[in-house]
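Written below as structure tokens is the structure these notes are about.
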Amino acid sequence: MQTPQSEEHDRLLTAPLSFIIDHIIEVHHKFVHREEDSIDNLLQKLISADPNSKRVEGLCLLNRTIKFELLNHMRKEEEVLFPAILNLERAAATRGTKGNLLALKITNRVRLLMLEDEGTSYLLKHYKQTLLDYQPPSQAKLIYDEVCNHIETFEQDLTRHIYVENTILFPKAIVVEQTLLGH
């Protein structure tokens, strides 16, 4: 019996590029937006429960950095890379490049975004370690546990998000680009 995740994986492997992009935006990008707001709110509660903690201040700073990096990264995907990949898909469907594929070179954009993914993953690992190193006072323990749960869920989704992009979407887009460019 297939798990929901393996069914999703199989569906994405055979799906058109536009379907995969819609999936990434609707499932993963929207999750990041929702979850970042939840984590921000929880961190504010943690500050209220433990106002003099330098560790909590560090968590807030790391969270803002991760949020900035992710939102900037997703903006690049949604405004530049994903439209370029959709152009590739349309060009492949009509068997013509219309001269606008050479300027972008999907392969190069993908490499840059994959490097950003690595940086975000590093920041998240550092964030988790900082969170684990923090020993909350008793009045902050429930909030701390909730932050930990949200971070764990966030990391799981981010891992899946990066996997879908790096092992399904991007390789498929590069193959389409190479085919259209005659490589």
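We name chains A, B, ... following the order of the structure tokens; residues begin at 1 in each chain, and ligands are numbered from 1 as shown.
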_Residues within 9 Å of Ser38 (chain A), only C-alpha atoms, excluding chain neighbours under 5 positions, as a list in words_ =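 Result of the neighbour search: His33, Leu43, Val147 and His150 of chain A.
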Could you turn the residues from that selection into a file that holds N, CA and C atoms, as a short mmCIF file (atom, residue, chain, number, x, y, z; two decimals), in the first residue's frame?
data_model
loop_
_atom_site.label_atom_id
_atom_site.label_comp_id
_atom_site.auth_asym_id
_atom_site.auth_seq_id
_atom_site.Cartn_x
_atom_site.Cartn_y
_atom_site.Cartn_z
N HIS A 33 4.22 30.79 4.47
CA HIS A 33 3.61 32.05 4.88
C HIS A 33 2.80 31.89 6.17
N LEU A 43 6.87 33.18 19.20
CA LEU A 43 8.10 33.78 19.73
C LEU A 43 7.81 35.05 20.53
N VAL A 147 6.55 26.05 20.18
CA VAL A 147 7.52 26.54 19.19
C VAL A 147 8.29 25.35 18.61
N HIS A 150 6.15 23.50 16.12
CA HIS A 150 6.01 24.25 14.87
C HIS A 150 7.30 24.19 14.04
#
*Looking only at alpha helix (DSSP H) from DSSP on the backbone, list the matching residues of chain A as a PyMOL selection string.*
chain A and resi 4-14+17-23+30-49+54-76+82-94+106-133+141-163+170-180
_Long-range neighbours of Gln139 (chain A) as a list in words, 10 Å cut-off, only C-alpha atoms, 3 positions minimum in chain_ =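 Returned residues: Leu46, Ser48, Ala49, Asp50, Pro136, Leu142, Ile143 and Tyr144 of chain A.
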Quick one: which region 70-182 of chain A residues come within 12 Å of region 5-9 of chain A, and what is the nearest atom pair for each with the distance in Å to one decimal, counting only C-alpha atoms, rows ordered by chain and ascending number, as a Markdown table?
| residue | atom | partner | partner_atom | distance |
| --- | --- | --- | --- | --- |
| A:Asp157 | CA | A:Gln5 | CA | 11.6 |
| A:Arg160 | CA | A:Gln5 | CA | 9.5 |
| A:His161 | CA | A:His9 | CA | 11.5 |
| A:Tyr163 | CA | A:His9 | CA | 10.0 |
| A:Val164 | CA | A:His9 | CA | 8.1 |
| A:Glu165 | CA | A:His9 | CA | 11.5 |
| A:Thr167 | CA | A:His9 | CA | 10.3 |
| A:Ile168 | CA | A:His9 | CA | 8.7 |
| A:Leu169 | CA | A:His9 | CA | 11.3 |
*Using only C-alpha atoms, which of A:Ser138, A:Asn149, A:Thr65, A:Thr107 sits nearest Val176 (chain A)?*
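Of A:Ser138, A:Asn149, A:Thr65, A:Thr107, the one nearest Val176 (chain A) is A:Thr107, counting only C-alpha atoms.
CA of Ile66 (chain A) is found 22.1 Å from CA of Ile21 (chain A).
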*Using only C-alpha atoms, which of A:Lys76, A:Arg55, A:Arg64, A:His126 sits nearest Val110 (chain A)?*
A:Lys76
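Using only C-alpha atoms, the protein and nucleic acid residues lying no more than 9 Å from Glu155 (chain A), apart from those fewer than 6 places from it along its own chain, are Ser121, Leu124 and Lys125 of chain A.
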Selection file, N, CA and C atoms, as an mmCIF file, in the first residue's frame:
data_model
loop_
_atom_site.group_PDB
_atom_site.id
_atom_site.type_symbol
_atom_site.label_atom_id
_atom_site.label_comp_id
_atom_site.auth_asym_id
_atom_site.auth_seq_id
_atom_site.Cartn_x
_atom_site.Cartn_y
_atom_site.Cartn_z
ATOM 1 N N SER A 121 18.660 25.820 4.746
ATOM 2 C CA SER A 121 18.726 24.590 5.546
ATOM 3 C C SER A 121 19.747 24.727 6.665
ATOM 4 N N LEU A 124 18.285 26.937 9.372
ATOM 5 C CA LEU A 124 17.259 26.226 10.124
ATOM 6 C C LEU A 124 17.891 25.248 11.124
ATOM 7 N N LYS A 125 18.956 24.575 10.722
ATOM 8 C CA LYS A 125 19.659 23.675 11.649
ATOM 9 C C LYS A 125 20.241 24.464 12.825
#
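Separating CA of Ser18 (chain A) from CA of Arg95 (chain A) is a distance of 16.7 Å.
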*Within 10 Å of Cys148 (chain A), counting only C-alpha atoms, which residues show up once you throw out same-chain ones fewer than 3 positions away? Write them as a list of chain:residue names, please.*
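Non-adjacent residues within range: A:Ile39, A:Lys128, A:Leu131, A:Leu132, A:Leu142, A:Ile143, A:Tyr144, A:Asp145, A:Ile151, A:Glu152, A:Thr153, A:Phe154.
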Expected file: the selected residues, N, CA and C atoms, as a PDB file, in the first residue's frame:
ATOM      1  N   ILE A  39       4.835  31.052  13.955  1.00  0.00           N
ATOM      2  CA  ILE A  39       6.084  31.014  14.723  1.00  0.00           C
ATOM      3  C   ILE A  39       6.413  32.402  15.269  1.00  0.00           C
ATOM      4  N   LYS A 128      17.381  25.402  15.093  1.00  0.00           N
ATOM      5  CA  LYS A 128      16.955  24.276  15.924  1.00  0.00           C
ATOM      6  C   LYS A 128      17.933  24.035  17.071  1.00  0.00           C
ATOM      7  N   LEU A 131      17.394  26.620  19.649  1.00  0.00           N
ATOM      8  CA  LEU A 131      16.156  26.305  20.358  1.00  0.00           C
ATOM      9  C   LEU A 131      16.383  25.193  21.382  1.00  0.00           C
ATOM     10  N   LEU A 132      17.111  24.158  20.986  1.00  0.00           N
ATOM     11  CA  LEU A 132      17.386  23.048  21.894  1.00  0.00           C
ATOM     12  C   LEU A 132      18.273  23.461  23.059  1.00  0.00           C
ATOM     13  N   LEU A 142       5.310  25.613  28.140  1.00  0.00           N
ATOM     14  CA  LEU A 142       4.266  25.235  27.166  1.00  0.00           C
ATOM     15  C   LEU A 142       4.449  25.963  25.832  1.00  0.00           C
ATOM     16  N   ILE A 143       4.790  27.227  25.904  1.00  0.00           N
ATOM     17  CA  ILE A 143       5.023  28.000  24.674  1.00  0.00           C
ATOM     18  C   ILE A 143       6.260  27.457  23.954  1.00  0.00           C
ATOM     19  N   TYR A 144       7.299  27.183  24.714  1.00  0.00           N
ATOM     20  CA  TYR A 144       8.524  26.606  24.154  1.00  0.00           C
ATOM     21  C   TYR A 144       8.223  25.293  23.431  1.00  0.00           C
ATOM     22  N   ASP A 145       7.444  24.417  24.060  1.00  0.00           N
ATOM     23  CA  ASP A 145       7.081  23.141  23.430  1.00  0.00           C
ATOM     24  C   ASP A 145       6.313  23.369  22.130  1.00  0.00           C
ATOM     25  N   ILE A 151       8.429  24.297  14.703  1.00  0.00           N
ATOM     26  CA  ILE A 151       9.710  24.240  13.986  1.00  0.00           C
ATOM     27  C   ILE A 151       9.906  22.860  13.368  1.00  0.00           C
ATOM     28  N   GLU A 152       9.542  21.823  14.079  1.00  0.00           N
ATOM     29  CA  GLU A 152       9.663  20.458  13.549  1.00  0.00           C
ATOM     30  C   GLU A 152       8.784  20.286  12.306  1.00  0.00           C
ATOM     31  N   THR A 153       7.550  20.738  12.386  1.00  0.00           N
ATOM     32  CA  THR A 153       6.635  20.658  11.240  1.00  0.00           C
ATOM     33  C   THR A 153       7.157  21.503  10.083  1.00  0.00           C
ATOM     34  N   PHE A 154       7.665  22.694  10.409  1.00  0.00           N
ATOM     35  CA  PHE A 154       8.216  23.589   9.401  1.00  0.00           C
ATOM     36  C   PHE A 154       9.387  22.932   8.679  1.00  0.00           C
TER      37      PHE A 154
END
